[in-house]
Every structure is written in structure tokens, then in C-alpha cells.
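Source file entry.txt; content: compact mmCIF, C-alpha atoms.
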```txt
# COMPACT_ATOMS: atom_id res chain seq x y z
CA MET Q 37 -11.40 -4.89 -10.36
CA TYR Q 38 -10.63 -2.60 -7.50
CA CYS Q 39 -13.80 -3.15 -5.53
CA SER Q 40 -13.21 -6.89 -5.31
CA VAL Q 41 -9.64 -6.33 -4.11
CA VAL Q 42 -10.96 -4.25 -1.23
CA ARG Q 43 -13.55 -6.90 -0.39
CA HIS Q 44 -10.86 -9.59 -0.25
CA GLN Q 45 -8.74 -7.59 2.12
CA ASN Q 46 -11.62 -6.86 4.46
CA THR Q 47 -12.64 -10.50 4.83
CA ARG Q 48 -9.18 -11.64 5.89
CA GLY Q 49 -10.22 -10.86 9.41
CA LEU Q 50 -8.33 -9.41 12.30
CA ARG Q 51 -6.85 -12.72 13.39
CA SER Q 52 -4.70 -13.13 10.31
CA GLN Q 53 -3.63 -9.49 10.51
CA LEU Q 54 -2.42 -10.07 14.05
CA LYS Q 55 -0.32 -13.04 12.92
CA ASP Q 56 1.54 -10.97 10.37
CA SER Q 57 2.46 -8.16 12.73
CA VAL Q 58 5.96 -7.93 14.07
CA PRO Q 59 6.54 -7.45 17.82
CA VAL Q 60 7.63 -3.85 18.41
CA THR Q 61 9.05 -2.05 21.38
CA GLY Q 62 6.74 0.96 20.99
CA MET Q 63 4.09 -0.78 23.04
CA GLY Q 64 6.57 -1.75 25.78
CA PRO Q 65 5.87 -2.60 29.44
CA GLN Q 66 5.51 0.27 31.85
CA VAL Q 67 8.59 0.06 34.04
CA GLY Q 68 8.42 1.45 37.53
CA ALA Q 69 11.14 2.72 39.81
CA TYR Q 70 13.28 -0.44 39.93
CA GLY Q 71 13.12 -1.35 36.24
CA VAL Q 72 10.40 -3.91 36.91
CA GLN Q 73 6.75 -3.83 35.80
CA ASP Q 74 4.81 -1.61 38.19
CA THR Q 75 1.81 -3.80 38.96
CA LEU Q 76 0.22 -1.43 41.47
CA ARG Q 77 0.00 1.52 39.09
CA SER Q 78 -0.30 -0.09 35.67
CA GLY Q 79 -2.03 -3.38 36.37
CA PHE Q 80 -1.12 -6.90 35.38
CA SER Q 81 1.03 -7.26 32.32
CA SER Q 82 0.83 -9.72 29.48
CA VAL Q 83 3.58 -10.01 26.89
CA LYS Q 84 1.15 -10.67 24.08
CA ASN Q 85 -0.94 -7.62 24.93
CA GLU Q 86 2.02 -5.32 25.09
CA LEU Q 87 4.46 -6.45 22.43
CA LEU Q 88 2.08 -6.98 19.52
CA PRO Q 89 0.12 -4.02 18.20
CA SER Q 90 -3.56 -4.93 17.95
CA HIS Q 91 -4.04 -3.19 14.62
CA ALA Q 92 -1.72 -2.45 11.73
CA LEU Q 93 -2.34 1.28 12.10
CA GLU Q 94 -1.99 1.50 15.89
CA LEU Q 95 1.70 2.43 16.00
CA SER Q 96 1.66 4.71 13.01
CA GLU Q 97 -1.36 6.58 14.38
CA LYS Q 98 0.15 6.92 17.84
CA ASN Q 99 3.23 8.62 16.42
CA PHE Q 100 1.61 10.38 13.49
CA GLN Q 101 1.57 13.88 14.94
CA LEU Q 102 5.13 13.58 16.23
CA ASN Q 103 6.42 12.35 12.88
CA GLN Q 104 4.62 15.12 11.01
CA ASP Q 105 6.11 17.73 13.34
CA LYS Q 106 9.59 16.24 12.98
CA MET Q 107 9.29 16.31 9.20
CA ASN Q 108 7.98 19.88 9.12
CA PHE Q 109 10.66 21.14 11.48
CA SER Q 110 13.46 19.53 9.51
CA ASN Q 111 12.05 20.99 6.27
CA LEU Q 112 11.88 24.40 7.89
CA ARG Q 113 15.44 24.07 9.14
CA ASN Q 114 16.66 23.18 5.66
CA ILE Q 115 14.83 26.07 4.04
CA GLN Q 116 15.11 28.91 6.54
CA GLY Q 117 17.92 27.92 8.86
CA LEU Q 118 18.03 26.71 12.44
CA HIS Q 119 16.35 29.77 13.95
CA ALA Q 120 12.94 29.01 12.39
CA PRO Q 121 12.19 25.66 14.09
CA LEU Q 122 13.78 26.91 17.32
CA LYS Q 123 11.49 29.92 17.50
CA LEU Q 124 8.44 27.83 16.65
CA GLN Q 125 9.26 25.22 19.27
CA MET Q 126 9.73 27.93 21.85
CA GLU Q 127 6.26 29.25 21.06
CA TYR Q 128 4.78 25.73 21.22
CA ARG Q 129 6.36 25.22 24.62
CA ALA Q 130 4.94 28.50 25.88
CA ALA Q 131 1.46 27.69 24.55
CA ARG Q 132 1.55 24.23 26.07
CA GLN Q 133 2.05 25.64 29.54
CA ILE Q 134 -1.18 27.60 29.70
CA GLN Q 135 -3.51 24.60 29.93
CA ARG Q 136 -5.94 23.70 32.69
CA LEU Q 137 -5.18 20.91 35.15
CA PRO Q 138 -4.63 17.59 33.36
CA PHE Q 139 -7.92 15.91 34.27
CA LEU Q 140 -9.99 18.81 32.90
CA GLN Q 141 -10.56 19.53 29.22
CA SER Q 142 -8.57 22.51 27.93
CA SER Q 143 -9.40 24.15 24.65
CA HIS Q 144 -5.78 24.24 23.34
CA LEU Q 145 -6.71 27.40 21.45
CA ALA Q 146 -3.23 28.95 21.31
CA LEU Q 147 -1.58 25.63 20.46
CA ASP Q 148 -4.11 24.90 17.71
CA THR Q 149 -3.66 28.31 16.16
CA LEU Q 150 0.13 27.91 16.13
CA LYS Q 151 -0.05 24.46 14.60
CA GLY Q 152 -2.72 25.41 12.07
CA ASN Q 153 -5.23 22.92 13.45
CA ASP Q 154 -7.88 25.62 13.69
CA GLU Q 155 -8.22 25.53 9.90
CA SER Q 156 -8.67 21.80 9.42
CA ILE Q 157 -11.00 19.03 10.53
CA SER Q 158 -9.89 15.42 10.78
CA PHE Q 159 -10.92 12.27 12.60
CA GLU Q 160 -9.40 13.61 15.83
CA ASP Q 161 -12.17 16.21 15.97
CA ILE Q 162 -15.04 13.93 15.00
CA LEU Q 163 -14.39 10.55 16.60
CA ASN Q 164 -13.75 9.91 20.26
CA ASP Q 165 -14.02 13.53 21.37
CA PRO Q 166 -12.25 13.68 24.77
CA ALA Q 167 -14.81 16.23 25.97
CA GLN Q 168 -17.52 13.58 25.55
CA SER Q 169 -15.63 10.66 27.06
CA GLU Q 170 -17.54 8.68 29.68
CA MET Q 171 -14.55 8.11 31.93
CA MET Q 172 -12.66 10.79 33.78
CA GLY Q 173 -9.05 10.43 34.72
CA GLU Q 174 -8.26 10.06 38.39
CA PRO Q 175 -7.39 13.70 39.40
CA HIS Q 176 -4.73 12.98 42.01
CA ILE Q 177 -2.80 10.49 39.91
CA MET Q 178 -2.94 12.67 36.83
CA VAL Q 179 -1.63 15.74 38.63
CA GLU Q 180 1.11 13.70 40.31
CA TYR Q 181 2.11 12.25 36.95
CA LYS Q 182 2.22 15.70 35.38
CA LEU Q 183 4.37 17.16 38.16
CA GLY Q 184 6.73 14.24 37.86
CA MET Q 185 6.04 13.02 41.38
CA MET Q 186 4.90 9.60 40.18
CA TYR L 103 -11.12 -3.25 28.75
CA ARG L 104 -7.91 -2.73 30.70
CA LYS L 105 -8.04 1.04 30.37
CA MET L 106 -8.06 2.04 34.02
CA ALA L 107 -5.02 -0.07 34.79
CA THR L 108 -2.73 1.24 32.04
CA LEU L 109 -0.52 4.28 31.95
CA SER L 110 -3.04 6.01 29.69
CA VAL L 111 -5.02 6.98 32.79
CA CYS L 112 -2.23 9.37 33.72
CA GLN L 113 -2.29 11.18 30.40
CA PRO L 114 -5.23 13.08 28.95
CA GLN L 115 -7.37 11.34 26.33
CA LEU L 116 -6.77 11.99 22.64
CA GLY L 117 -9.44 12.08 19.98
CA GLY L 118 -9.47 10.11 16.75
CA PHE L 119 -9.38 6.37 16.19
CA SER L 120 -9.12 4.15 19.25
CA PHE L 121 -7.71 0.65 18.81
CA GLU L 122 -8.70 -0.63 22.25
CA ASN L 123 -11.20 -3.18 21.12
CA CYS L 124 -9.22 -4.70 18.24
CA LYS L 125 -7.86 -7.63 20.24
CA ARG L 126 -11.26 -8.29 21.77
CA ASN L 127 -12.83 -8.23 18.29
CA ALA L 128 -10.22 -10.67 16.97
CA VAL L 129 -11.01 -13.08 19.80
CA LEU L 130 -14.76 -12.70 19.26
CA GLU L 131 -14.38 -13.28 15.55
CA ALA L 132 -12.42 -16.48 16.16
CA GLU L 133 -15.13 -17.70 18.57
CA VAL L 134 -17.91 -16.91 16.13
CA THR L 135 -16.24 -18.64 13.17
CA LYS L 136 -15.72 -21.70 15.36
CA LEU L 137 -19.49 -21.85 15.80
CA GLY L 138 -19.97 -21.49 12.07
CA CYS L 139 -21.68 -18.07 11.98
CA ASN L 140 -20.47 -14.90 10.27
CA VAL L 141 -19.64 -11.54 11.74
CA PRO L 142 -21.82 -8.77 10.25
CA SER L 143 -20.16 -7.18 7.24
CA ALA L 144 -19.95 -3.49 6.38
CA ARG L 145 -22.39 -2.04 3.88
CA LYS L 146 -20.61 -1.57 0.53
CA THR L 147 -21.76 0.30 -2.47
CA GLY L 148 -20.61 -2.34 -5.07
CA THR L 149 -20.93 0.25 -7.68
CA THR L 150 -20.47 1.68 -11.09
CA ILE L 151 -19.21 5.25 -11.04
CA CYS L 152 -17.60 7.14 -13.88
CA GLY L 153 -16.69 10.58 -15.09
CA VAL L 154 -15.83 12.21 -18.40
CA VAL L 155 -14.35 15.56 -19.41
CA PHE L 156 -16.22 17.32 -22.25
CA LYS L 157 -15.77 20.64 -23.98
CA ASP L 158 -17.05 22.97 -21.23
CA GLY L 159 -16.77 20.84 -18.10
CA ILE L 160 -17.30 17.49 -16.43
CA VAL L 161 -20.08 14.89 -16.39
CA LEU L 162 -20.10 12.52 -13.39
CA GLY L 163 -22.36 9.48 -13.30
CA ALA L 164 -23.27 6.83 -10.72
CA ASP L 165 -25.77 4.02 -10.17
CA THR L 166 -27.86 3.95 -6.97
CA ARG L 167 -27.63 0.49 -5.41
CA ALA L 168 -26.03 -0.20 -2.00
CA THR L 169 -25.38 -3.86 -1.11
CA GLU L 170 -24.76 -5.65 2.17
CA GLY L 171 -23.22 -8.96 1.16
CA MET L 172 -25.77 -10.56 -1.14
CA ILE L 173 -28.68 -8.30 -0.19
CA VAL L 174 -29.59 -4.93 -1.66
CA ALA L 175 -29.50 -2.60 1.33
CA ASP L 176 -30.61 0.60 -0.40
CA LYS L 177 -32.36 0.78 -3.77
CA ASN L 178 -31.85 4.48 -4.21
CA CYS L 179 -28.78 5.76 -2.43
CA SER L 180 -26.97 8.88 -3.53
CA LYS L 181 -23.36 8.28 -4.52
CA ILE L 182 -22.48 11.69 -5.92
CA HIS L 183 -21.32 13.73 -2.93
CA TYR L 184 -20.94 17.48 -2.66
CA ILE L 185 -17.43 18.72 -2.00
CA SER L 186 -17.70 22.39 -2.91
CA PRO L 187 -19.98 24.45 -5.20
CA ASN L 188 -17.77 23.65 -8.19
CA ILE L 189 -16.48 20.18 -7.19
CA TYR L 190 -18.41 16.92 -6.79
CA CYS L 191 -17.17 13.42 -5.95
CA CYS L 192 -18.58 9.94 -6.64
CA GLY L 193 -17.74 7.25 -4.10
CA ALA L 194 -17.39 3.46 -4.37
CA GLY L 195 -16.34 0.96 -1.71
CA THR L 196 -17.55 0.95 1.89
CA ALA L 197 -20.51 3.33 2.04
CA ALA L 198 -19.72 4.85 5.44
CA ASP L 199 -16.08 5.44 4.49
CA THR L 200 -16.95 7.32 1.29
CA GLU L 201 -19.61 9.36 3.08
CA MET L 202 -17.38 10.46 5.97
CA THR L 203 -14.29 11.01 3.84
CA THR L 204 -16.11 13.27 1.41
CA GLN L 205 -17.74 15.20 4.25
CA ILE L 206 -14.42 15.75 6.02
CA ILE L 207 -12.73 16.90 2.82
CA SER L 208 -15.68 19.15 2.01
CA SER L 209 -15.36 20.84 5.42
CA ASN L 210 -11.61 21.19 5.09
CA LEU L 211 -11.95 22.66 1.61
CA GLU L 212 -14.53 25.16 2.86
CA LEU L 213 -12.21 26.30 5.67
CA HIS L 214 -9.33 26.52 3.22
CA SER L 215 -11.33 28.54 0.71
CA LEU L 216 -12.47 30.92 3.47
CA SER L 217 -8.86 31.37 4.50
CA THR L 218 -7.61 32.01 0.96
CA SER L 219 -10.86 33.75 -0.15
CA ARG L 220 -10.76 31.96 -3.51
CA LEU L 221 -12.85 29.28 -5.18
CA PRO L 222 -11.28 25.91 -4.26
CA ARG L 223 -9.35 23.96 -6.89
CA VAL L 224 -9.85 20.33 -7.77
CA ALA L 225 -6.13 19.65 -7.31
CA THR L 226 -6.43 20.79 -3.67
CA ALA L 227 -9.27 18.38 -2.99
CA ASN L 228 -7.31 15.62 -4.71
CA ARG L 229 -4.19 16.28 -2.63
CA MET L 230 -6.18 16.36 0.64
CA LEU L 231 -7.94 13.09 -0.21
CA LYS L 232 -4.82 11.23 -1.26
CA GLN L 233 -2.88 12.31 1.83
CA MET L 234 -5.67 11.19 4.14
CA LEU L 235 -6.19 7.84 2.41
CA PHE L 236 -2.46 7.11 2.39
CA ARG L 237 -2.24 7.89 6.08
CA TYR L 238 -4.73 5.09 6.80
CA GLN L 239 -2.97 2.64 4.44
CA GLY L 240 -6.09 1.50 2.62
CA HIS L 241 -8.05 0.56 5.74
CA ILE L 242 -10.51 3.29 4.78
CA GLY L 243 -12.15 1.61 1.78
CA ALA L 244 -13.07 4.59 -0.34
CA ALA L 245 -12.49 4.60 -4.12
CA LEU L 246 -13.47 8.00 -5.49
CA VAL L 247 -14.00 9.80 -8.78
CA LEU L 248 -13.40 13.49 -8.18
CA GLY L 249 -14.40 16.08 -10.77
CA GLY L 250 -14.89 19.81 -10.95
CA VAL L 251 -14.30 23.04 -12.81
CA ASP L 252 -12.01 25.68 -11.34
CA CYS L 253 -10.01 28.66 -12.56
CA ASN L 254 -7.76 26.37 -14.64
CA GLY L 255 -10.56 24.55 -16.43
CA PRO L 256 -12.24 21.15 -15.92
CA HIS L 257 -10.32 18.42 -14.06
CA LEU L 258 -11.12 14.76 -13.39
CA TYR L 259 -9.26 12.54 -10.93
CA SER L 260 -9.68 8.95 -9.78
CA ILE L 261 -8.50 8.14 -6.24
CA TYR L 262 -7.87 4.59 -5.02
CA PRO L 263 -8.30 3.41 -1.39
CA HIS L 264 -4.55 3.22 -0.78
CA GLY L 265 -3.98 6.80 -1.86
CA SER L 266 -2.83 6.66 -5.48
CA THR L 267 -4.48 9.04 -7.93
CA ASP L 268 -4.79 9.39 -11.70
CA LYS L 269 -5.66 12.49 -13.68
CA LEU L 270 -7.41 11.36 -16.85
CA PRO L 271 -10.03 12.50 -19.38
CA TYR L 272 -12.35 9.58 -18.53
CA VAL L 273 -12.36 7.29 -15.46
CA THR L 274 -14.50 4.50 -14.02
CA MET L 275 -14.44 2.89 -10.56
CA GLY L 276 -16.28 0.22 -8.66
CA SER L 277 -17.26 -3.37 -9.39
CA GLY L 278 -18.94 -2.35 -12.66
CA SER L 279 -15.93 -0.34 -13.80
CA LEU L 280 -14.89 -2.76 -16.52
CA ALA L 281 -18.31 -2.69 -18.18
CA ALA L 282 -18.40 1.12 -18.05
CA MET L 283 -14.81 1.42 -19.27
CA ALA L 284 -15.64 -0.76 -22.28
CA VAL L 285 -18.31 1.77 -23.33
CA PHE L 286 -15.92 4.68 -22.78
CA GLU L 287 -13.08 3.10 -24.74
CA ASP L 288 -15.42 2.52 -27.65
CA ARG L 289 -17.12 5.91 -27.91
CA TYR L 290 -15.04 8.57 -26.13
CA LYS L 291 -13.94 11.54 -28.25
CA GLN L 292 -12.13 14.66 -27.17
CA ASP L 293 -14.15 17.90 -26.80
CA MET L 294 -17.64 16.36 -26.94
CA GLU L 295 -20.81 18.40 -26.61
CA GLU L 296 -22.78 18.31 -23.37
CA GLU L 297 -25.62 16.14 -24.70
CA ASP L 298 -23.20 13.62 -26.21
CA ALA L 299 -21.24 13.45 -22.97
CA LYS L 300 -24.43 12.91 -20.93
CA ARG L 301 -25.55 10.16 -23.30
CA LEU L 302 -22.11 8.49 -23.12
CA VAL L 303 -22.06 8.51 -19.32
CA ARG L 304 -25.64 7.25 -19.16
CA ASP L 305 -24.77 4.36 -21.44
CA ALA L 306 -21.63 3.53 -19.48
CA ILE L 307 -23.54 3.39 -16.17
CA ALA L 308 -26.31 1.37 -17.83
CA ALA L 309 -23.67 -1.14 -19.00
CA GLY L 310 -22.49 -1.43 -15.40
CA ILE L 311 -26.05 -1.77 -14.09
CA PHE L 312 -27.07 -4.52 -16.49
CA ASN L 313 -23.84 -6.51 -16.45
CA ASP L 314 -22.76 -6.29 -12.81
CA LEU L 315 -24.70 -7.66 -9.83
CA GLY L 316 -23.35 -5.05 -7.46
CA SER L 317 -24.83 -2.13 -9.41
CA GLY L 318 -28.44 -1.43 -10.16
CA SER L 319 -31.54 0.78 -9.95
CA ASN L 320 -31.32 4.31 -11.33
CA ILE L 321 -28.67 6.41 -13.03
CA ASP L 322 -27.66 9.71 -11.40
CA LEU L 323 -25.80 12.36 -13.38
CA CYS L 324 -24.02 15.51 -12.33
CA VAL L 325 -23.00 18.03 -15.00
CA ILE L 326 -20.48 20.64 -13.80
CA THR L 327 -19.60 23.63 -15.96
CA LYS L 328 -18.14 27.02 -15.15
CA GLY L 329 -20.74 28.70 -12.97
CA ARG L 330 -23.45 26.00 -13.23
CA VAL L 331 -24.04 22.57 -11.69
CA ASP L 332 -26.90 20.28 -12.81
CA TYR L 333 -27.53 17.52 -10.31
CA LEU L 334 -29.88 15.16 -12.17
CA ARG L 335 -31.23 12.65 -9.71
CA PRO L 336 -32.57 10.45 -11.18
CA HIS L 337 -31.54 11.07 -14.72
CA ASP L 338 -32.81 7.72 -15.92
CA MET L 339 -34.73 5.00 -14.13
CA ALA L 340 -33.23 1.99 -15.86
CA ASN L 341 -34.75 -0.60 -13.53
CA LYS L 342 -38.30 0.36 -12.71
CA LYS L 343 -40.24 -2.14 -10.61
CA GLY L 344 -43.02 -3.72 -12.68
CA VAL L 345 -46.77 -3.25 -12.12
CA ARG L 346 -48.93 -6.31 -11.36
CA THR L 347 -51.35 -6.83 -14.23
CA GLY L 348 -53.62 -9.49 -12.67
CA ASN L 349 -55.67 -9.45 -9.43
CA TYR L 350 -55.82 -12.86 -7.72
CA LYS L 351 -57.95 -11.89 -4.71
CA TYR L 352 -61.23 -13.80 -4.33
CA LYS L 353 -64.47 -11.76 -4.31
CA GLN L 354 -66.57 -11.82 -1.13
CA GLY L 355 -69.26 -14.47 -1.37
CA THR L 356 -67.23 -16.84 -3.60
CA THR L 357 -67.40 -19.58 -0.98
CA GLY L 358 -71.00 -20.69 -0.31
CA VAL L 359 -72.21 -20.85 3.36
CA LEU L 360 -73.63 -24.29 4.39
CA THR L 361 -74.49 -23.90 8.12
CA LYS L 362 -74.24 -21.14 10.72
CA SER L 363 -74.24 -21.49 14.55
CA VAL L 364 -73.83 -18.69 17.14
CA ILE L 365 -72.42 -19.46 20.65
CA LYS L 366 -72.79 -16.71 23.25
CA LEU L 367 -69.84 -16.37 25.68
CA ASP L 368 -70.73 -15.33 29.25
CA LEU L 369 -68.35 -12.63 30.38
CA GLU L 370 -68.48 -11.31 33.95
CA VAL L 371 -66.89 -8.11 35.17
CA VAL L 372 -64.10 -9.05 37.62
CA GLU L 373 -62.42 -5.75 38.37
CA GLU L 374 -62.90 -2.16 37.38
CA THR L 375 -60.09 0.40 37.85
CA VAL L 376 -59.95 4.04 36.89
CA GLN L 377 -56.56 5.53 36.01
CA THR L 378 -56.36 9.32 35.86
CA MET L 379 -54.34 10.81 33.01
CA ASP L 380 -51.72 13.40 33.89
CA THR L 381 -52.85 16.30 31.73
CA SER L 382 -50.83 18.99 33.52
```
Structure re-expressed in C-alpha cells:
Amino acid sequence: MYCSVVRHQNTRGLRSQLKDSVPVTGMGPQVGAYGVQDTLRSGFSSVKNELLPSHALELSEKNFQLNQDKMNFSNLRNIQGLHAPLKLQMEYRAARQIQRLPFLQSSHLALDTLKGNDESISFEDILNDPAQSEMMGEPHIMVEYKLGMM
Amino acid sequence: YRKMATLSVCQPQLGGFSFENCKRNAVLEAEVTKLGCNVPSARKTGTTICGVVFKDGIVLGADTRATEGMIVADKNCSKIHYISPNIYCCGAGTAADTEMTTQIISSNLELHSLSTSRLPRVATANRMLKQMLFRYQGHIGAALVLGGVDCNGPHLYSIYPHGSTDKLPYVTMGSGSLAAMAVFEDRYKQDMEEEDAKRLVRDAIAAGIFNDLGSGSNIDLCVITKGRVDYLRPHDMANKKGVRTGNYKYKQGTTGVLTKSVIKLDLEVVEETVQTMDTS
């Protein structure tokens, strides 16, 4: 009975899911210049908040696009040779440089066309649209971070 | 809740699922269960859905009840979703998940068919659905029966919430799937006629409706053949609400009047104000 299996899983609750999760370094503390937690820039730290992912999908979703790209590039390298992923990555790098300043919304048109995202719709386009977000990033800090001054 | 203080403020926001509130929700849930109450549950479709391949195409069937725990949330919801002109999909599980998943796949299939300028194939829709459901590891609770007719003939797939799929001549899903499967196993034959197939699917859904609490109300059918789609909603109203046969209202004048006394209340005008309406 597949429907009852789904019901059982949903009523386990988030608490029990948290208990089963393994502490991972992907969430790690934000180290500052001296290898210590940078309280001024990234706020107070808490080991529980940073080591444990709050949802089973959090890590896999954070790295999903990167893993997909890695897999596609390695497939392309095996099929067509090293030049194919190199050329594509060069084009991605060029397209990534023509954005607006970091705190403004850029359309990513060239990047989307290269990646093929202009022909598909997924949850990234429907939920949590960055253009509609209620909070804006702090302009000075974001530009400093992008230029590597932070 | 700690967004401004984390490094994420230095990088631009990404779309998609945001897991910020998961820890807060876990804490809230613990607090609420300590008090003895329940957190609100998602609306499920607790369903019977099924599909069968016949000589010229596919017949998909579904009941129309949506439940929210022990309560019937919707007596006539539509569980057969449009994916493309030649492909339809029935959904069981969490109602919102099936709705959004089928809409996303429908949009993707439309873009894909515009880019290839061909009628979409059922195998494409199946592959898109299974890759998306596997990516979310079953947290999207959508169990689907996908059927359609394309250039290679009629195809029927069943897709489970974790991303596994089966390509079969007859499939059932949902809480009433066992009842419907019993009817299929007894009476399914290869290369049936359209009327026989419709009757078989109607009986299978009726078995689910009458023997499973999570399914009920009407039976919807969708018959897909090459070049024609018949969306029969409702095909059969198995559970019609009854009509009251007796009237228990008392007629006026049934109770006799013994005495009658009238008391006049003195009202005085205290204040009179005039408010003008803005009719511009």
C-alpha cells in the first residue's frame, strides 16, 4: 500500500529526521582572517546550527547544480575529448562576467542559454524567486565580497 | 532567522527550496506535541487511480475525494491532470505535490516539444518525472499513473514517490489500489474494445471507492486514443447524496396563543450625524 507508506514517513516529524542526520563539514563555520570564527561579519556561531543540516535534502540541493555540471563535463570529456568541456567552461566564464553588480538582479540570459536553462522550468524558477525577495543584500558588503576585498 | 548575520548576505540569493525554517519548525513541533496538540497535516488525496491499455489507446480512471486526516476536504476534486494534448496523468499522494509536479512537467514538455517541433512522447514525460522525483528523494509525495498515445503507440507508466517507474499494461495507485488491482487481475484481457475497457476501469475505481475510506464520490475517466481525448468528468456518480423524503418543519399556527401583551419602549434621539459619501 504505497499511500500508507508515504503517510508513515510524513508523520515521523522533523525532530526524528534531525536525529538521524550525520554531522557534515559542508555547513562549516565561516572562518575569518585568522582561522577563527568571524563574529563581526557572520554573527554568533552555534555548533549545532552549523554542523547538522536542518533537512535531509539541504546538502544535496546546495550542491545539485555543481554535481550535475561535474557529471556532464566528465561525460563530455569521455565522449569528445578534453577540448569540449574546456571550451564550454571558457564560454561559461565569459558569460558569468557580464552580470550587473551583485546586489542587483541580473537576467543571466547568456548563461542560461549556454546551460540550456532557457528551455526548462523547475522549482528554482517558481519558488523563492530572488527578484521578489523582501530583503536586499547590503550593497557595500556584497561588492567588497565580490572583489575579494573582504 | 539568522539570515542577515550569515555569509549568505554576501552572495546573491538563489531560487528554489529554502531550508531556513526547518530547525525552527522542528522546535515548534516539539513544543506543540509537548502540549498535546497536533501540527496541521498536508491535504492528501487518499485515492484510487488506475489505468489500462486497450486496443487503440489508454483509459485512465480516478475517484474524486481529497482527505485531510479524517475529514473529506474536497468532494469533487480533479485528479486527472493534463500533461500534453496526447498525455494525461493521474496523481495520488499529497495533493499539492501532484498538482505542482504535473504542472511543471507539462510546462517542460511543452517547451521541449516546441524545441523539437514534434508531438511529445510518453517516455519523455516519464523520464522527466522520475528524474525530478529521485532528486527530491521521496520528500515530494506524488505517486502518478502516466498514460498517453504517441507515435509509437499507447504507453502506460506508474511512477512512485521515490522515483521508480514501471511500464505495464494495467496499473493502480493510491490507498484503494489493492481493491482496484483485484478487479483488474480478474477481468483484464489483452486488446479489449473501448467500451469494455471503460467498464473495467469504472468497476475498478468503484471497488476502490466502496472498499477504501480514502476514496469516494464520483468516478472520472479519461480515454486517450490517437488524435482524440475524451475527458469524462464525471463519468459515473457512484455516491450521490440522498434527498430528504420527509419535512419536519412545523406549520405556522401550530402552537396556540394564550395571552398577548405589548410594551412600548421610549427611544429618544441622542445624536444625529451626517456623513457625506465620497462619490468622486
(message) Please check the contacts: residues of chain L at most 9 Å away from chain Q, using all atoms listed in the file, listed as a ChimeraX atom specification.
(response) /L:104,106-125,127-129,131-132,143,146,148-149,194-196,206-207,209-211,213-214,217,234,237-241,243,245,262-263,275-280
(message) I need the residue nearest L:Glu295 from this list: L:Thr327, L:Ser266, L:Asn254, L:Asn228. Use all atoms listed in the file for the distance.
(response) L:Thr327
(message) as a ChimeraX atom specification, please: the residues near L:Leu221 (cut-off 8 Å, only C-alpha atoms, same-chain neighbours under 2 positions excluded).
(response) /L:215,219,223,252-253
Suppose we keep C-alpha atoms; can you now write the selection as a compact mmCIF listing (two decimals), in the frame of the given file?
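Generated file (out.txt):
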```txt
# COMPACT_ATOMS: atom_id res chain seq x y z
CA SER L 215 -11.33 28.54 0.71
CA SER L 219 -10.86 33.75 -0.15
CA ARG L 223 -9.35 23.96 -6.89
CA ASP L 252 -12.01 25.68 -11.34
CA CYS L 253 -10.01 28.66 -12.56
```
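Atom pair atom CA of L:Asp176 / atom CA of L:Leu315: separated by 13.9 Å.
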(request) For atom CA of L:Tyr190 and atom CA of L:Ala164, quote the distance in Å rounded to one decimal. (result)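 Answer for the atom CA of L:Tyr190 to atom CA of L:Ala164 separation: 11.9 Å.
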Quick one: everything within 7 Å of stretch 119-130 of chain Q, counting all atoms listed in the file, minus sequence neighbours fewer than 3 positions away in the same chain. Send it as a compact mmCIF listing (two decimals) with C-alpha atoms, in the coordinates of the input.
```txt
# COMPACT_ATOMS: atom_id res chain seq x y z
CA PHE Q 109 10.66 21.14 11.48
CA LEU Q 112 11.88 24.40 7.89
CA ARG Q 113 15.44 24.07 9.14
CA GLN Q 116 15.11 28.91 6.54
CA GLN Q 133 2.05 25.64 29.54
CA LEU Q 147 -1.58 25.63 20.46
```
(message) Report, in Å to a single decimal, how far apart atom CA of L:Cys191 and atom CA of L:Leu248 are.
(response) 4.4 Å
